$ cat data_39.cif   # mmCIF, C-alpha atoms
data_input
#
loop_
_atom_site.label_atom_id
_atom_site.label_comp_id
_atom_site.auth_asym_id
_atom_site.auth_seq_id
_atom_site.Cartn_x
_atom_site.Cartn_y
_atom_site.Cartn_z
CA MET A 1 111.94 135.81 166.15
CA LYS A 2 110.59 134.72 162.79
CA PRO A 3 112.32 136.33 159.80
CA GLU A 4 108.87 137.55 158.71
CA ALA A 5 108.43 139.34 162.04
CA LEU A 6 111.72 141.20 161.70
CA LYS A 7 110.86 142.19 158.11
CA ALA A 8 107.45 143.48 159.24
CA ALA A 9 109.14 145.56 161.95
CA MET A 10 111.63 147.11 159.53
CA ASP A 11 108.91 147.72 156.93
CA ALA A 12 106.97 149.66 159.57
CA TYR A 13 109.77 152.24 159.73
CA ASP A 14 109.66 152.66 155.94
CA ILE A 15 105.87 152.93 155.78
CA GLU A 16 105.62 155.62 158.45
CA ALA A 17 108.64 157.55 157.14
CA GLN A 18 107.06 157.60 153.69
CA CYS A 19 103.80 158.87 155.14
CA ILE A 20 105.48 161.80 156.88
CA ARG A 21 107.42 162.69 153.72
CA GLU A 22 104.16 162.75 151.72
CA MET A 23 102.13 164.69 154.29
CA ALA A 24 103.62 168.09 153.46
CA GLU A 25 102.03 167.85 149.99
CA PHE A 26 98.58 167.82 151.57
CA VAL A 27 98.99 170.88 153.80
CA ASP A 28 96.46 173.55 152.90
CA GLU A 29 98.35 176.65 154.03
CA LYS A 30 95.20 178.78 154.22
CA GLN A 31 93.40 176.28 156.47
CA PHE A 32 96.52 175.66 158.55
CA SER A 33 96.99 179.41 159.03
CA LYS A 34 93.37 179.78 160.16
CA ALA A 35 93.87 176.95 162.65
CA VAL A 36 96.98 178.54 164.12
CA GLU A 37 95.29 181.93 164.45
CA ALA A 38 92.20 180.40 166.06
CA LEU A 39 94.28 178.44 168.57
CA ALA A 40 96.47 181.46 169.33
CA ASN A 41 93.44 183.63 170.09
CA ALA A 42 91.29 181.13 171.97
CA THR A 43 90.80 181.52 175.70
CA ARG A 44 90.23 177.78 176.00
CA ILE A 45 90.96 174.81 173.72
CA ALA A 46 89.42 171.36 173.81
CA SER A 47 90.06 168.21 171.83
CA SER A 48 88.03 165.09 171.32
CA GLY A 49 88.26 161.80 169.47
CA CYS A 50 87.68 158.09 169.91
CA GLY A 51 90.11 155.20 170.10
CA HIS A 52 93.63 155.95 168.86
CA SER A 53 92.53 159.42 167.74
CA GLY A 54 91.29 160.17 171.23
CA ILE A 55 94.59 159.12 172.76
CA ILE A 56 96.48 161.47 170.43
CA CYS A 57 93.97 164.23 171.23
CA GLN A 58 95.00 163.87 174.87
CA HIS A 59 98.59 164.40 173.73
CA PHE A 60 97.48 167.49 171.78
CA ALA A 61 95.84 169.01 174.86
CA HIS A 62 99.07 168.49 176.79
CA LEU A 63 101.09 170.05 173.95
CA MET A 64 98.89 173.13 174.16
CA CYS A 65 99.28 173.37 177.95
CA CYS A 66 103.06 173.16 177.51
CA ILE A 67 102.96 176.44 175.59
CA GLU A 68 100.39 177.94 177.97
CA ARG A 69 97.34 177.61 175.76
CA PRO A 70 94.80 176.33 178.32
CA ALA A 71 93.46 173.04 176.97
CA ARG A 72 91.84 169.78 177.98
CA PHE A 73 90.74 166.56 176.36
CA ILE A 74 86.99 166.01 176.54
CA SER A 75 85.93 162.39 176.44
CA PRO A 76 83.14 161.84 173.89
CA ALA A 77 81.21 159.98 176.59
CA GLU A 78 81.50 162.86 179.07
CA ALA A 79 80.96 165.57 176.46
CA VAL A 80 77.23 164.87 176.17
CA HIS A 81 76.89 164.71 179.95
CA GLY A 82 77.94 168.27 180.72
CA ALA A 83 81.67 168.37 179.98
CA THR A 84 81.13 170.70 177.02
CA GLY A 85 80.29 173.35 179.61
CA TYR A 86 84.04 173.91 179.62
CA LEU A 87 83.71 175.58 176.22
CA GLN A 88 82.45 179.12 175.73
CA LYS A 89 81.85 181.29 172.69
CA GLY A 90 85.10 181.97 170.84
CA ASP A 91 86.87 178.91 172.22
CA VAL A 92 88.20 176.15 169.96
CA MET A 93 87.29 172.47 169.75
CA VAL A 94 89.62 170.16 167.82
CA PHE A 95 88.09 166.94 166.52
CA ALA A 96 90.20 164.07 165.18
CA SER A 97 88.54 161.38 163.09
CA ARG A 98 90.27 159.72 160.18
CA GLY A 99 86.98 158.88 158.47
CA GLY A 100 85.20 162.01 159.71
CA LYS A 101 82.07 160.06 160.60
CA THR A 102 82.69 159.07 164.22
CA LYS A 103 79.13 159.01 165.51
CA GLU A 104 80.11 159.82 169.09
CA LEU A 105 81.50 163.18 167.94
CA LEU A 106 78.51 164.38 165.92
CA PRO A 107 76.39 165.49 168.93
CA ILE A 108 79.43 167.40 170.24
CA LEU A 109 79.72 169.17 166.88
CA ASP A 110 76.11 170.32 167.24
CA ILE A 111 76.78 171.62 170.75
CA CYS A 112 79.85 173.54 169.59
CA LYS A 113 77.96 175.16 166.72
CA ALA A 114 75.12 176.19 169.05
CA LYS A 115 77.60 177.73 171.54
CA GLY A 116 79.66 179.63 168.95
CA VAL A 117 82.75 177.49 169.45
CA THR A 118 85.22 177.40 166.54
CA VAL A 119 85.60 173.83 165.27
CA ILE A 120 88.78 172.44 163.76
CA THR A 121 88.48 168.95 162.28
CA VAL A 122 91.45 166.79 161.38
CA THR A 123 90.34 164.08 158.95
CA GLU A 124 91.22 162.21 155.80
CA ASN A 125 87.68 162.57 154.47
CA LEU A 126 86.99 166.17 153.45
CA GLU A 127 83.42 165.29 152.47
CA SER A 128 82.54 163.80 155.85
CA PRO A 129 80.03 165.26 158.34
CA LEU A 130 82.77 166.37 160.75
CA ALA A 131 84.62 168.11 157.93
CA GLN A 132 81.54 169.72 156.43
CA GLY A 133 80.41 171.00 159.82
CA ALA A 134 83.80 172.42 160.79
CA ASP A 135 85.04 175.99 160.48
CA ILE A 136 88.55 174.79 159.66
CA VAL A 137 89.62 171.44 158.19
CA LEU A 138 93.13 169.98 158.26
CA LYS A 139 93.73 167.13 155.85
CA GLN A 140 95.13 163.93 157.34
CA HIS A 141 97.06 161.85 154.82
CA VAL A 142 97.73 158.16 155.46
CA ASN A 143 99.45 155.90 152.93
CA ARG A 144 98.69 152.66 154.81
CA GLU A 145 98.83 151.23 158.29
CA THR A 146 101.95 149.28 159.22
CA ASP A 147 100.34 145.88 159.83
CA LYS A 148 99.91 143.44 156.96
CA TYR A 149 96.13 143.71 157.19
CA ASN A 150 96.21 147.52 156.93
CA CYS A 151 93.78 147.93 159.80
CA GLN A 152 95.67 148.83 163.02
CA GLY A 153 95.81 152.49 164.07
CA THR A 154 99.54 152.91 163.51
CA THR A 155 100.55 155.13 160.60
CA SER A 156 97.30 157.06 160.99
CA THR A 157 98.25 157.79 164.60
CA THR A 158 101.69 159.00 163.54
CA ALA A 159 100.11 161.24 160.88
CA LEU A 160 97.76 162.79 163.43
CA CYS A 161 100.65 163.33 165.85
CA MET A 162 102.63 165.05 163.09
CA ILE A 163 99.80 167.51 162.41
CA PHE A 164 99.53 168.33 166.11
CA HIS A 165 103.30 168.73 166.41
CA ALA A 166 103.31 171.08 163.42
CA LEU A 167 100.55 173.16 165.03
CA GLN A 168 102.52 173.48 168.26
CA ALA A 169 105.70 174.44 166.40
CA ALA A 170 103.78 177.13 164.51
CA LEU A 171 102.09 178.41 167.68
CA ILE A 172 105.43 178.84 169.44
CA GLU A 173 106.39 181.24 166.64
CA GLU A 174 102.95 182.84 166.35
CA THR A 175 102.73 183.64 170.07
CA ASP A 176 106.47 184.32 170.53
CA TYR A 177 106.56 181.74 173.29
CA LYS A 178 109.88 181.72 175.17
CA SER A 179 111.84 178.87 176.70
CA GLU A 180 111.99 180.91 179.90
CA GLN A 181 108.21 180.63 180.15
CA PHE A 182 108.39 176.88 179.68
CA ALA A 183 111.13 176.64 182.32
CA LEU A 184 108.76 178.08 184.92
CA ILE A 185 106.04 175.48 184.31
CA HIS A 186 108.43 172.58 183.65
CA PRO A 187 110.91 172.38 186.54
CA GLY A 188 110.77 168.58 186.56
CA GLY A 189 112.90 166.01 184.80
CA ALA A 190 115.99 166.40 182.65
CA VAL A 191 114.32 169.08 180.51
CA GLY A 192 113.45 171.15 183.56
CA GLU A 193 116.96 170.76 184.94
CA ARG A 194 118.46 171.95 181.67
CA LEU A 195 116.08 174.90 181.26
CA ASN A 196 116.49 176.07 184.85
CA LYS A 197 120.24 175.66 185.08
CA LYS A 198 121.72 178.89 186.38
#

$ encode --input "data_39.cif" --output "structure tokens"
Amino acid sequence: MKPEALKAAMDAYDIEAQCIREMAEFVDEKQFSKAVEALANATRIASSGCGHSGIICQHFAHLMCCIERPARFISPAEAVHGATGYLQKGDVMVFASRGGKTKELLPILDICKAKGVTVITVTENLESPLAQGADIVLKQHVNRETDKYNCQGTTSTTALCMIFHALQAALIEETDYKSEQFALIHPGGAVGERLNKK
């Protein structure tokens, strides 16, 4: 391995650690509280995003299912071909878009507003269309991506994950979710073995 490659790898740890340390400064407690309450009270939750954001939105939907908040990822391509029929009035849609201008998500925003679906947008750009059209906005802070060109979806992906992890942690408290409940739906793997040990 080139010395430069090893340095780049070690720098990546520092860059992402710094980002997570800084993120707490950008938490708007009022908006975060509204997001937690909306997610706790929703019958159904959906998430949508493109590229790296979309992949992390799939993770978010799974996080919600793991605490028994029924959720699914809706592909932006499928959303405008009937998949938004999953959402009903009072449900929640979570959009993730660092720039807040992802054109594939804008028609879905319009559908959600017409159906009375509560929209949460996670974005770095609070003046963007997806932020301005949302009911709740969670600020995504990114110091820089880890690659030398500052263009790969690395630190931004970690930042989005951190916001979703914080939401799940808060929801466990908000809904008084118990490990016994998780044990029932997670009998598999080492976690399931530990939770279900008599």

$ atom_distance --input "data_39.cif" --atom1 "atom CA of A:Glu68" --atom2 "atom CA of A:Ala42"
11.4 Å

$ resolve_selection --input "data_39.cif" --expression "the PyMOL selection byres ((chain A and resi 128-141) around 8)" --output "MDAnalysis selection string"
chainID A and resid 19 22:23 26:28 31:32 34:35 95 97:101 105:106 109 118:127 142:143 156 159:160 163

$ resolve_selection --input "data_39.cif" --expression "the PyMOL selection byres ((chain A and resi 69) around 8)" --output "VMD selection string"
chain A and resid 39 to 40 42 to 45 64 to 68 70 to 71

$ residues_around --input "data_39.cif" --residues "A:Gln181" --least-positions-apart "3" --cutoff "12 Å" --atoms "all atoms listed in the file" --output "PyMOL selection string"
chain A and resi 65-68+172+175-178+184-187+192+195-196

$ closest_residue --input "data_39.cif" --among "A:Gly54, A:Ala77, A:Asp110, A:Lys2" --to "A:Ala96" --atoms "all atoms listed in the file"
A:Gly54

$ resolve_selection --input "data_39.cif" --expression "the PyMOL selection byres ((chain A and resi 8-11) around 12)" --output "ChimeraX atom specification"
/A:1-7,12-18,144-149,155

$ residues_around --input "data_39.cif" --residues "A:Lys89" --least-positions-apart "3" --cutoff "9 Å" --atoms "all atoms listed in the file" --output "list in words"
Val92, Cys112, Lys115, Gly116, Val117 and Thr118 of chain A

$ closest_residue --input "data_39.cif" --among "A:Ala170, A:Ala190, A:Ala183, A:Ile55" --to "A:Ser33" --atoms "all atoms listed in the file"
A:Ala170

$ atom_distance --input "data_39.cif" --atom1 "atom CA of A:Thr154" --atom2 "atom CA of A:His59"
15.4 Å

$ decode --input "data_39.cif" --residues "stretch 26-159 of chain A" --atoms "C-alpha atoms" --output "PDB file, in the first residue's frame"
ATOM      1  CA  PHE A  26     -26.863  21.846  14.712  1.00  0.00           C
ATOM      2  CA  VAL A  27     -29.713  19.955  16.389  1.00  0.00           C
ATOM      3  CA  ASP A  28     -32.847  22.087  16.512  1.00  0.00           C
ATOM      4  CA  GLU A  29     -34.540  20.587  19.570  1.00  0.00           C
ATOM      5  CA  LYS A  30     -37.969  21.921  18.613  1.00  0.00           C
ATOM      6  CA  GLN A  31     -37.818  20.388  15.126  1.00  0.00           C
ATOM      7  CA  PHE A  32     -36.323  17.156  16.432  1.00  0.00           C
ATOM      8  CA  SER A  33     -39.071  16.885  19.054  1.00  0.00           C
ATOM      9  CA  LYS A  34     -41.738  17.405  16.386  1.00  0.00           C
ATOM     10  CA  ALA A  35     -40.146  14.670  14.282  1.00  0.00           C
ATOM     11  CA  VAL A  36     -40.127  12.203  17.163  1.00  0.00           C
ATOM     12  CA  GLU A  37     -43.753  12.940  18.022  1.00  0.00           C
ATOM     13  CA  ALA A  38     -44.847  12.607  14.397  1.00  0.00           C
ATOM     14  CA  LEU A  39     -43.045   9.284  13.984  1.00  0.00           C
ATOM     15  CA  ALA A  40     -44.386   7.989  17.305  1.00  0.00           C
ATOM     16  CA  ASN A  41     -47.968   8.763  16.312  1.00  0.00           C
ATOM     17  CA  ALA A  42     -47.893   7.713  12.661  1.00  0.00           C
ATOM     18  CA  THR A  43     -49.712   4.576  11.587  1.00  0.00           C
ATOM     19  CA  ARG A  44     -47.288   4.177   8.693  1.00  0.00           C
ATOM     20  CA  ILE A  45     -43.854   5.647   7.915  1.00  0.00           C
ATOM     21  CA  ALA A  46     -42.122   5.875   4.566  1.00  0.00           C
ATOM     22  CA  SER A  47     -38.702   7.086   3.529  1.00  0.00           C
ATOM     23  CA  SER A  48     -37.282   8.091   0.193  1.00  0.00           C
ATOM     24  CA  GLY A  49     -34.033   9.352  -1.270  1.00  0.00           C
ATOM     25  CA  CYS A  50     -31.676   8.824  -4.182  1.00  0.00           C
ATOM     26  CA  GLY A  51     -28.190   7.367  -4.335  1.00  0.00           C
ATOM     27  CA  HIS A  52     -26.394   7.106  -0.994  1.00  0.00           C
ATOM     28  CA  SER A  53     -29.262   8.912   0.735  1.00  0.00           C
ATOM     29  CA  GLY A  54     -31.695   6.339  -0.591  1.00  0.00           C
ATOM     30  CA  ILE A  55     -29.581   3.485   0.714  1.00  0.00           C
ATOM     31  CA  ILE A  56     -29.536   5.043   4.192  1.00  0.00           C
ATOM     32  CA  CYS A  57     -33.300   5.629   3.944  1.00  0.00           C
ATOM     33  CA  GLN A  58     -33.682   1.867   3.512  1.00  0.00           C
ATOM     34  CA  HIS A  59     -31.704   1.462   6.739  1.00  0.00           C
ATOM     35  CA  PHE A  60     -34.016   3.985   8.427  1.00  0.00           C
ATOM     36  CA  ALA A  61     -37.120   2.025   7.412  1.00  0.00           C
ATOM     37  CA  HIS A  62     -35.584  -1.108   8.905  1.00  0.00           C
ATOM     38  CA  LEU A  63     -34.689   0.781  12.111  1.00  0.00           C
ATOM     39  CA  MET A  64     -38.326   1.797  12.439  1.00  0.00           C
ATOM     40  CA  CYS A  65     -39.565  -1.767  11.889  1.00  0.00           C
ATOM     41  CA  CYS A  66     -37.158  -2.962  14.590  1.00  0.00           C
ATOM     42  CA  ILE A  67     -39.067  -0.859  17.124  1.00  0.00           C
ATOM     43  CA  GLU A  68     -42.430  -1.801  15.613  1.00  0.00           C
ATOM     44  CA  ARG A  69     -43.133   1.431  13.784  1.00  0.00           C
ATOM     45  CA  PRO A  70     -44.430   0.043  10.451  1.00  0.00           C
ATOM     46  CA  ALA A  71     -42.217   1.499   7.739  1.00  0.00           C
ATOM     47  CA  ARG A  72     -40.975   0.943   4.208  1.00  0.00           C
ATOM     48  CA  PHE A  73     -38.590   2.550   1.772  1.00  0.00           C
ATOM     49  CA  ILE A  74     -40.314   3.886  -1.329  1.00  0.00           C
ATOM     50  CA  SER A  75     -38.112   4.066  -4.392  1.00  0.00           C
ATOM     51  CA  PRO A  76     -38.390   7.470  -6.086  1.00  0.00           C
ATOM     52  CA  ALA A  77     -38.954   5.651  -9.383  1.00  0.00           C
ATOM     53  CA  GLU A  78     -41.819   3.564  -7.970  1.00  0.00           C
ATOM     54  CA  ALA A  79     -43.304   6.420  -5.942  1.00  0.00           C
ATOM     55  CA  VAL A  80     -44.735   8.156  -9.003  1.00  0.00           C
ATOM     56  CA  HIS A  81     -46.079   4.860 -10.344  1.00  0.00           C
ATOM     57  CA  GLY A  82     -48.467   4.074  -7.504  1.00  0.00           C
ATOM     58  CA  ALA A  83     -46.221   3.213  -4.549  1.00  0.00           C
ATOM     59  CA  THR A  84     -47.299   6.335  -2.680  1.00  0.00           C
ATOM     60  CA  GLY A  85     -50.652   4.598  -2.260  1.00  0.00           C
ATOM     61  CA  TYR A  86     -49.002   3.087   0.809  1.00  0.00           C
ATOM     62  CA  LEU A  87     -49.311   6.469   2.528  1.00  0.00           C
ATOM     63  CA  GLN A  88     -52.535   7.773   4.020  1.00  0.00           C
ATOM     64  CA  LYS A  89     -53.499  10.989   5.772  1.00  0.00           C
ATOM     65  CA  GLY A  90     -51.589  11.383   9.034  1.00  0.00           C
ATOM     66  CA  ASP A  91     -48.740   9.103   7.990  1.00  0.00           C
ATOM     67  CA  VAL A  92     -45.149  10.326   7.764  1.00  0.00           C
ATOM     68  CA  MET A  93     -42.777  10.539   4.800  1.00  0.00           C
ATOM     69  CA  VAL A  94     -39.080  11.085   5.502  1.00  0.00           C
ATOM     70  CA  PHE A  95     -37.038  12.586   2.677  1.00  0.00           C
ATOM     71  CA  ALA A  96     -33.236  12.647   2.704  1.00  0.00           C
ATOM     72  CA  SER A  97     -31.413  14.958   0.329  1.00  0.00           C
ATOM     73  CA  ARG A  98     -28.211  16.720   1.275  1.00  0.00           C
ATOM     74  CA  GLY A  99     -28.818  19.541  -1.194  1.00  0.00           C
ATOM     75  CA  GLY A 100     -32.605  19.469  -0.791  1.00  0.00           C
ATOM     76  CA  LYS A 101     -33.159  19.771  -4.533  1.00  0.00           C
ATOM     77  CA  THR A 102     -33.279  16.144  -5.669  1.00  0.00           C
ATOM     78  CA  LYS A 103     -35.644  16.439  -8.616  1.00  0.00           C
ATOM     79  CA  GLU A 104     -36.917  12.873  -8.317  1.00  0.00           C
ATOM     80  CA  LEU A 105     -38.319  13.665  -4.856  1.00  0.00           C
ATOM     81  CA  LEU A 106     -40.207  16.854  -5.718  1.00  0.00           C
ATOM     82  CA  PRO A 107     -43.246  15.118  -7.319  1.00  0.00           C
ATOM     83  CA  ILE A 108     -43.453  12.851  -4.240  1.00  0.00           C
ATOM     84  CA  LEU A 109     -43.506  15.944  -2.027  1.00  0.00           C
ATOM     85  CA  ASP A 110     -46.505  17.232  -3.978  1.00  0.00           C
ATOM     86  CA  ILE A 111     -48.308  13.903  -3.584  1.00  0.00           C
ATOM     87  CA  CYS A 112     -47.670  13.872   0.167  1.00  0.00           C
ATOM     88  CA  LYS A 113     -48.987  17.406   0.598  1.00  0.00           C
ATOM     89  CA  ALA A 114     -52.133  16.571  -1.405  1.00  0.00           C
ATOM     90  CA  LYS A 115     -52.761  13.446   0.729  1.00  0.00           C
ATOM     91  CA  GLY A 116     -52.196  15.118   4.106  1.00  0.00           C
ATOM     92  CA  VAL A 117     -49.016  13.177   4.832  1.00  0.00           C
ATOM     93  CA  THR A 118     -46.603  14.774   7.312  1.00  0.00           C
ATOM     94  CA  VAL A 119     -43.249  15.423   5.631  1.00  0.00           C
ATOM     95  CA  ILE A 120     -39.912  15.337   7.425  1.00  0.00           C
ATOM     96  CA  THR A 121     -36.931  16.453   5.353  1.00  0.00           C
ATOM     97  CA  VAL A 122     -33.334  15.827   6.344  1.00  0.00           C
ATOM     98  CA  THR A 123     -31.072  18.226   4.444  1.00  0.00           C
ATOM     99  CA  GLU A 124     -28.101  20.525   4.700  1.00  0.00           C
ATOM    100  CA  ASN A 125     -29.895  23.236   2.722  1.00  0.00           C
ATOM    101  CA  LEU A 126     -32.673  24.790   4.799  1.00  0.00           C
ATOM    102  CA  GLU A 127     -33.658  27.079   1.922  1.00  0.00           C
ATOM    103  CA  SER A 128     -34.148  24.231  -0.556  1.00  0.00           C
ATOM    104  CA  PRO A 129     -37.493  23.164  -2.080  1.00  0.00           C
ATOM    105  CA  LEU A 130     -37.621  19.962  -0.022  1.00  0.00           C
ATOM    106  CA  ALA A 131     -36.970  21.908   3.169  1.00  0.00           C
ATOM    107  CA  GLN A 132     -39.397  24.704   2.375  1.00  0.00           C
ATOM    108  CA  GLY A 133     -42.141  22.228   1.494  1.00  0.00           C
ATOM    109  CA  ALA A 134     -41.667  20.078   4.598  1.00  0.00           C
ATOM    110  CA  ASP A 135     -43.597  20.200   7.861  1.00  0.00           C
ATOM    111  CA  ILE A 136     -40.451  19.364   9.837  1.00  0.00           C
ATOM    112  CA  VAL A 137     -36.815  19.924   8.844  1.00  0.00           C
ATOM    113  CA  LEU A 138     -33.782  18.267  10.415  1.00  0.00           C
ATOM    114  CA  LYS A 139     -30.469  19.920   9.659  1.00  0.00           C
ATOM    115  CA  GLN A 140     -27.761  17.681   8.215  1.00  0.00           C
ATOM    116  CA  HIS A 141     -24.257  18.958   8.937  1.00  0.00           C
ATOM    117  CA  VAL A 142     -21.294  17.744   6.880  1.00  0.00           C
ATOM    118  CA  ASN A 143     -17.768  19.095   7.338  1.00  0.00           C
ATOM    119  CA  ARG A 144     -16.355  17.396   4.220  1.00  0.00           C
ATOM    120  CA  GLU A 145     -16.365  14.046   2.494  1.00  0.00           C
ATOM    121  CA  THR A 146     -13.461  11.723   3.254  1.00  0.00           C
ATOM    122  CA  ASP A 147     -11.972  11.513  -0.252  1.00  0.00           C
ATOM    123  CA  LYS A 148      -9.389  14.048  -1.385  1.00  0.00           C
ATOM    124  CA  TYR A 149     -11.768  15.434  -3.995  1.00  0.00           C
ATOM    125  CA  ASN A 150     -14.537  16.001  -1.418  1.00  0.00           C
ATOM    126  CA  CYS A 151     -17.161  14.453  -3.660  1.00  0.00           C
ATOM    127  CA  GLN A 152     -17.881  10.845  -2.562  1.00  0.00           C
ATOM    128  CA  GLY A 153     -20.934  10.197  -0.386  1.00  0.00           C
ATOM    129  CA  THR A 154     -18.999   9.195   2.718  1.00  0.00           C
ATOM    130  CA  THR A 155     -19.153  11.630   5.630  1.00  0.00           C
ATOM    131  CA  SER A 156     -22.556  12.809   4.423  1.00  0.00           C
ATOM    132  CA  THR A 157     -23.797   9.220   4.629  1.00  0.00           C
ATOM    133  CA  THR A 158     -22.454   8.872   8.164  1.00  0.00           C
ATOM    134  CA  ALA A 159     -24.135  12.148   9.160  1.00  0.00           C
TER     135      ALA A 159
END
